[in-house]
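Visitor: Below you will find the structure I want to go over with you.
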Amino acid sequence: MKSRTVPVVVGWLALALMLAVLGGPRGEHVLGQTAAAPAVLDRTILPIRAPKVPPITEFDARNAKLPPRFEVKPPAGAPNVVIVLIDDLGFGATNTFGGPIATPTLDRLAKGGLRYNNFHTTALCSPTRAALKSGRNHHTCNMAFITEFATGFPGATGEIPDTVAPVAEILRLNGYSTAAFGKWHETAAWETSVSGPFDRWPTRQGFDKFYGFIGGETNQWAPFLFDGVTQVELPNDPDYHFMTDMTDKAVAWIKYQKALTPDKPFFTYFAPGATHAPHHVPKEWIARWKGKFDKGWDKVREETLARQIALGVVPKGTKLANKPEAIKNWDALSADEKRLFARQAEVFAAYLEYTDHEIGRVVQAIDDLGDLDNTLIFYIAGDNGASAEGGMNGMFNEYTYFNAVQENVADMLKHVDQWGGPETYPHMAAGWAVAFDTPFQWTKQVASSFGGTRNGLVVHWPKGIKAKDEIRTQFGHVIDVAPTILEAAKLPEPKMVDGTPQIPMQGQSLAYSFDDAKAKDRHVTQYFEISGNRAIYHDGWLAGTIHRAPWEIHPRRPLADDIWELYDVRSDFSLTNDLASKNPGKLKEMQALFLDEARKNSVLPIDDRTLERAIASIAGRPDLMEGRKSLTLAEGMTGMLENVFINVKNQSKTIAAEVEVPEGGGNGAILVQGGRFGGWALYVKDGVPAYDYNYLGLARTTIRAKKPLAAGKATIRFEFAYAGGGPGKGGKGTLFVNGEKVAEGTIDRTQPAMFSADETADVGIDLGTPVVEAIGSEAASRFNGKIPKVTVEVK
């Protein structure tokens, strides 16, 4: 039968192709021929509804007329769109805005476009990202703080609602290809497991393609990545770095789009983990900066302000704001402090320069395709001010900050030559954050100061902007970007998306300022609030209060007792002349306006809690493990972030693993959580079972049996009896094999609050960096036997 059927089928295919080429037996009804689609589409309701097609009554397809083909395309000439969002970068860092760090790609775009020196963010990452993509204020998006600190209050739940459809979804439903690369940090913490829901993952928030990390930060040498919703296996490459990897993926995606659909515009959201901690960068880039920060942060601030005035990015006569009182003068530091802190700045500068270089590869790829003229690029130099979360000394391991452990200079100096490499997870001293926020006083998290919210913006679009290498001074905010994109693409703001009525965008398009440097501001009122630090801008005035500094655990005073400041920013760019006592009437008016805006945007109640918000039950947010005292897993269950794994901190626990040991002996991870900079592991090395506790990479405890496991089935059990007496205490660990005690030991200290933002809990392998260096990580740590069952119990 087969020998006869195949030629017949092939014959019909050949005939069909011939008819397609010749136009049919009578030269009529060419295959694929369609009538023109309707000229006008209602783009205010998305997805765009297809027109009704009347029933076809013709019996024979040869005689039937094809109905008009319905296809959604963007308006003619709609530009490609690229948003570049750098992380934790202050206004005074880049040389494009007068800073000391070379950013040639930002320079290139600025010379061919516009620099905005009065553009603002929310002062924190998740809130800025939600506001940027939606065109609405961050509390309207339920993103009052980072996702991990969400609460049960409206405006702070960490769950982006369907009523604020992101610009990516609007563009996608209007015919754009869309992709996001890099950092996300907009998915509710309890929704980051394989169980979802995936509604707030990138591929359900408007992006056809996502390649990056889902949380707030990642180890750039060993990131935990997703391609869509699928975990990515890292290559076995000693030179691997995520910054280059994400750039490679973005360039390839853009080229692929233009190869297959050259007339279809794309939207690319390119959000590096840089320059957020950890400051990880290849050593050849660090070497370029050796000695360049030996002058110290005070001199860097002075030189930066001089350059800013010369460039015109700040007005003549702008004064340098005083440093916060906690920041020492550079001249008062010891020689060891200067040596360590200068190295920290060298690594940070290298990180930014390297990142800008990789962004340049994306820009050049678009240029090589001939598409740069009609690509609208927003290069946002920071999602908030530079980060002072490194405290007064900086950190060898950033997770010491989250566990309230103070690192000292002497210990960190031991790692000074490794700083920025895979052996470190570093952050810089707060003095550098203030310097890179020049000319302002404050930093990230401080929403009441332009040091926390003022970020440089460059807009480049040769086809749509006639002006070149000019500065724009109009007040702007991240919520203005989405409306600007829609106006540039000639798209209306939708009233309904996927069946959900939309809250109107709260931003104002910046397009009015593209070719009019003197255009009157359209964004005249903007509130700011992050964890009690709050302010209101209105028509050239700023009133705000410093409620808590980033390095302070507790607020300075009760909310009702906060001390407010008042500035006329039309004549006081750097906020150095507090007018609160001279103009109490204006201050009272501004405070009332703040409350009005707060009520309208779900800002109330103001939530200044810190440690309490880390605990889901107190904060009132969902917890995937709520009420659970045990969790049973098996081989293959990997990639469980800390917020979706049972909490083993500050209490007793038991781990019981059923394993099958191969002939020749077992090797590899059984169950691990965390990595090189904090975590624990139950594992087998050279056939011998053991348990390790890695305290912040600073101290390690190994409880190891003396004899190897026999081939075949075995039960390995580890019991930890917590000593109690508060969080972060130690306890006694005991290891059993088939019910027999084989080892015991004391673990002096444990991590009270956090193991990692991106290292995971894994069965049968240790993803990312190794908890136990002796067994390694990724493929090298894979257990060579079977693990049918492993149970974790807490008491």
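Ordered as shown in the structure tokens, chains take letters A, B, and onward, while each chain numbers its residues from 1 and ligands are numbered from 1 in the order shown.
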Residues at most 8 Å from Lys490 (chain A), counting only C-alpha atoms, excluding those fewer than 4 positions away in the same chain, as number ranges by chain?
Guide: A: 75, 78, 486
Visitor: Taking all heavy atoms for each residue, export the selection above as a CSV table (one decimal), in the first residue's frame.
Guide:
chain,number,residue,atom,x,y,z
A,75,PRO,N,0.4,50.6,13.5
A,75,PRO,CA,0.3,51.7,12.5
A,75,PRO,C,1.5,51.8,11.6
A,75,PRO,O,2.6,51.5,12.1
A,75,PRO,CB,0.0,52.9,13.4
A,75,PRO,CG,-0.5,52.4,14.6
A,75,PRO,CD,0.1,51.0,14.8
A,78,ALA,N,5.4,52.7,12.7
A,78,ALA,CA,5.6,52.6,14.1
A,78,ALA,C,7.0,52.2,14.4
A,78,ALA,O,7.5,51.2,13.8
A,78,ALA,CB,4.6,51.6,14.7
A,486,LEU,N,3.3,55.0,23.4
A,486,LEU,CA,2.0,54.9,22.7
A,486,LEU,C,1.9,56.0,21.7
A,486,LEU,O,1.4,55.8,20.6
A,486,LEU,CB,0.9,54.8,23.6
A,486,LEU,CG,0.8,53.6,24.6
A,486,LEU,CD1,-0.5,53.6,25.4
A,486,LEU,CD2,0.9,52.3,23.8
Visitor: Please, which residues of region 327-549 of chain A, numbered as in this document, come out strand (DSSP E or B) from DSSP, as a PyMOL selection string?
Guide: chain A and resi 375-381+395+397+425+427+454+456-460+470-472+476-477+496-497+500-501+525-530+533-538+541-545
Visitor: Show me, as number ranges by chain, the residues that have an atom within 12 Å of Pro104 (chain A) when counting only C-alpha atoms, minus same-chain residues fewer than 3 positions from it.
Guide: A: 94-97, 101, 107-111, 352-361, 363
Visitor: May I have the residues from that selection written out with N, CA and C atoms, as a PDB file, in the first residue's frame?
Guide:
ATOM      1  N   THR A  94      27.455  58.436  35.769  1.00  0.00           N
ATOM      2  CA  THR A  94      27.892  58.335  34.370  1.00  0.00           C
ATOM      3  C   THR A  94      28.541  59.623  33.903  1.00  0.00           C
ATOM      4  N   ASN A  95      29.535  59.499  33.022  1.00  0.00           N
ATOM      5  CA  ASN A  95      30.140  60.729  32.511  1.00  0.00           C
ATOM      6  C   ASN A  95      29.183  61.502  31.621  1.00  0.00           C
ATOM      7  N   THR A  96      28.146  60.855  31.116  1.00  0.00           N
ATOM      8  CA  THR A  96      27.127  61.532  30.315  1.00  0.00           C
ATOM      9  C   THR A  96      26.404  62.587  31.147  1.00  0.00           C
ATOM     10  N   PHE A  97      26.306  62.331  32.450  1.00  0.00           N
ATOM     11  CA  PHE A  97      25.683  63.292  33.357  1.00  0.00           C
ATOM     12  C   PHE A  97      26.700  63.855  34.352  1.00  0.00           C
ATOM     13  N   ILE A 101      32.469  57.931  35.673  1.00  0.00           N
ATOM     14  CA  ILE A 101      32.542  56.600  35.063  1.00  0.00           C
ATOM     15  C   ILE A 101      32.198  56.671  33.578  1.00  0.00           C
ATOM     16  N   ASP A 107      26.778  57.999  26.030  1.00  0.00           N
ATOM     17  CA  ASP A 107      27.267  59.204  25.350  1.00  0.00           C
ATOM     18  C   ASP A 107      26.826  59.225  23.896  1.00  0.00           C
ATOM     19  N   ARG A 108      26.984  58.104  23.222  1.00  0.00           N
ATOM     20  CA  ARG A 108      26.626  58.023  21.799  1.00  0.00           C
ATOM     21  C   ARG A 108      25.160  58.367  21.584  1.00  0.00           C
ATOM     22  N   LEU A 109      24.322  57.795  22.432  1.00  0.00           N
ATOM     23  CA  LEU A 109      22.892  58.037  22.276  1.00  0.00           C
ATOM     24  C   LEU A 109      22.531  59.475  22.641  1.00  0.00           C
ATOM     25  N   ALA A 110      23.206  60.024  23.650  1.00  0.00           N
ATOM     26  CA  ALA A 110      22.932  61.400  24.059  1.00  0.00           C
ATOM     27  C   ALA A 110      23.312  62.389  22.959  1.00  0.00           C
ATOM     28  N   LYS A 111      24.428  62.131  22.307  1.00  0.00           N
ATOM     29  CA  LYS A 111      24.858  63.037  21.238  1.00  0.00           C
ATOM     30  C   LYS A 111      23.909  62.998  20.046  1.00  0.00           C
ATOM     31  N   LEU A 352      29.852  49.167  35.812  1.00  0.00           N
ATOM     32  CA  LEU A 352      29.043  50.056  34.983  1.00  0.00           C
ATOM     33  C   LEU A 352      29.616  50.188  33.576  1.00  0.00           C
ATOM     34  N   GLU A 353      30.919  50.361  33.471  1.00  0.00           N
ATOM     35  CA  GLU A 353      31.521  50.515  32.137  1.00  0.00           C
ATOM     36  C   GLU A 353      31.317  49.255  31.300  1.00  0.00           C
ATOM     37  N   TYR A 354      31.512  48.112  31.912  1.00  0.00           N
ATOM     38  CA  TYR A 354      31.299  46.821  31.235  1.00  0.00           C
ATOM     39  C   TYR A 354      29.845  46.668  30.796  1.00  0.00           C
ATOM     40  N   THR A 355      28.921  47.052  31.661  1.00  0.00           N
ATOM     41  CA  THR A 355      27.496  46.966  31.329  1.00  0.00           C
ATOM     42  C   THR A 355      27.156  47.870  30.156  1.00  0.00           C
ATOM     43  N   ASP A 356      27.645  49.100  30.197  1.00  0.00           N
ATOM     44  CA  ASP A 356      27.399  50.034  29.101  1.00  0.00           C
ATOM     45  C   ASP A 356      27.978  49.510  27.788  1.00  0.00           C
ATOM     46  N   HIS A 357      29.121  48.848  27.871  1.00  0.00           N
ATOM     47  CA  HIS A 357      29.718  48.241  26.679  1.00  0.00           C
ATOM     48  C   HIS A 357      28.789  47.186  26.079  1.00  0.00           C
ATOM     49  N   GLU A 358      28.211  46.345  26.929  1.00  0.00           N
ATOM     50  CA  GLU A 358      27.313  45.298  26.438  1.00  0.00           C
ATOM     51  C   GLU A 358      26.041  45.912  25.848  1.00  0.00           C
ATOM     52  N   ILE A 359      25.539  46.968  26.468  1.00  0.00           N
ATOM     53  CA  ILE A 359      24.386  47.676  25.897  1.00  0.00           C
ATOM     54  C   ILE A 359      24.752  48.208  24.517  1.00  0.00           C
ATOM     55  N   GLY A 360      25.986  48.650  24.371  1.00  0.00           N
ATOM     56  CA  GLY A 360      26.458  49.127  23.072  1.00  0.00           C
ATOM     57  C   GLY A 360      26.375  48.063  21.999  1.00  0.00           C
ATOM     58  N   ARG A 361      26.561  46.806  22.374  1.00  0.00           N
ATOM     59  CA  ARG A 361      26.434  45.727  21.384  1.00  0.00           C
ATOM     60  C   ARG A 361      24.999  45.588  20.899  1.00  0.00           C
ATOM     61  N   VAL A 363      22.798  48.124  20.772  1.00  0.00           N
ATOM     62  CA  VAL A 363      22.572  49.294  19.908  1.00  0.00           C
ATOM     63  C   VAL A 363      23.234  49.093  18.550  1.00  0.00           C
TER      64      VAL A 363
END
Visitor: Quick one: contact table of region 343-434 of chain A to region 728-745 of chain A, 12 Å max, nearest atom pair and distance in Å to one decimal per residue, counting only C-alpha atoms, chain and number order, as a Markdown table?
Guide:
| residue | atom | partner | partner_atom | distance |
| --- | --- | --- | --- | --- |
| A:Asn403 | CA | A:Gly728 | CA | 8.5 |
| A:Ala404 | CA | A:Gly728 | CA | 9.9 |
| A:Val405 | CA | A:Gly728 | CA | 10.3 |
Visitor: Leaving out region 623-628 of chain A and any residue of its chain fewer than 3 positions from it, which residues lie within 8 Å of it when counting only C-alpha atoms, given as a ChimeraX atom specification?
Guide: /A:190,616-617,631,643-647
Visitor: Write the residues of the selection above to a file with N, CA and C atoms, as a CSV table (one decimal), in the first residue's frame.
Guide:
chain,number,residue,atom,x,y,z
A,190,TRP,N,5.4,34.5,46.4
A,190,TRP,CA,4.8,33.2,46.6
A,190,TRP,C,4.4,32.6,45.2
A,616,ALA,N,5.9,36.7,56.5
A,616,ALA,CA,4.6,36.7,55.8
A,616,ALA,C,3.4,36.8,56.7
A,617,SER,N,3.4,36.0,57.8
A,617,SER,CA,2.2,36.0,58.6
A,617,SER,C,1.9,37.3,59.3
A,631,LEU,N,7.7,18.9,54.4
A,631,LEU,CA,7.7,19.0,52.9
A,631,LEU,C,8.4,17.8,52.4
A,643,ASN,N,11.4,31.8,49.1
A,643,ASN,CA,10.0,32.1,49.4
A,643,ASN,C,9.0,31.0,49.1
A,644,VAL,N,9.4,29.9,48.4
A,644,VAL,CA,8.5,28.8,48.1
A,644,VAL,C,9.0,27.5,48.8
A,645,PHE,N,10.0,27.6,49.6
A,645,PHE,CA,10.5,26.4,50.3
A,645,PHE,C,10.2,26.5,51.8
A,646,ILE,N,10.1,25.4,52.5
A,646,ILE,CA,9.7,25.4,53.9
A,646,ILE,C,10.8,26.2,54.7
A,647,ASN,N,10.4,27.0,55.6
A,647,ASN,CA,11.3,27.8,56.4
A,647,ASN,C,12.0,27.0,57.5
Visitor: Give me, as a tab-separated table, each residue of region 108-165 of chain A that comes within 6 Å of region 448-472 of chain A, together with its shortest interatomic pair and the distance in Å at one decimal, counting only C-alpha atoms, with rows ordered by chain and rising residue number.
Guide:
residue	atom	partner	partner_atom	distance
A:Leu109	CA	A:His460	CA	5.8
A:Ala110	CA	A:Asp469	CA	5.7
A:Lys111	CA	A:Asp469	CA	4.2
A:Gly112	CA	A:Lys468	CA	5.0
A:Gly113	CA	A:His460	CA	4.4
A:Leu114	CA	A:Glu470	CA	5.1
A:Arg115	CA	A:Val458	CA	4.6
A:Tyr116	CA	A:Arg472	CA	4.7
A:Asn117	CA	A:Gly456	CA	5.7
A:Phe119	CA	A:Arg454	CA	5.8
A:His120	CA	A:Arg454	CA	4.6
A:Thr121	CA	A:Thr453	CA	4.8
A:Thr122	CA	A:Thr453	CA	5.7
A:Ala123	CA	A:Thr453	CA	4.8
Visitor: Restricting the calculation to only C-alpha atoms: of A:Leu579, A:Val416, A:Ala326, A:Ala93, which residue gets closest to Ala342 (chain A)?
Guide: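 For Ala342 (chain A), the nearest of the given residues is A:Val416.
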Visitor: Pick out the residues sitting within 7 Å of Leu682 (chain A), and hand them over as a list in words; count only C-alpha atoms, and ignore anything fewer than 6 positions along from it in its own chain.
Guide: Ala669, Ile670, Leu671, Val672, Ala690, Tyr691 and Asp692 of chain A
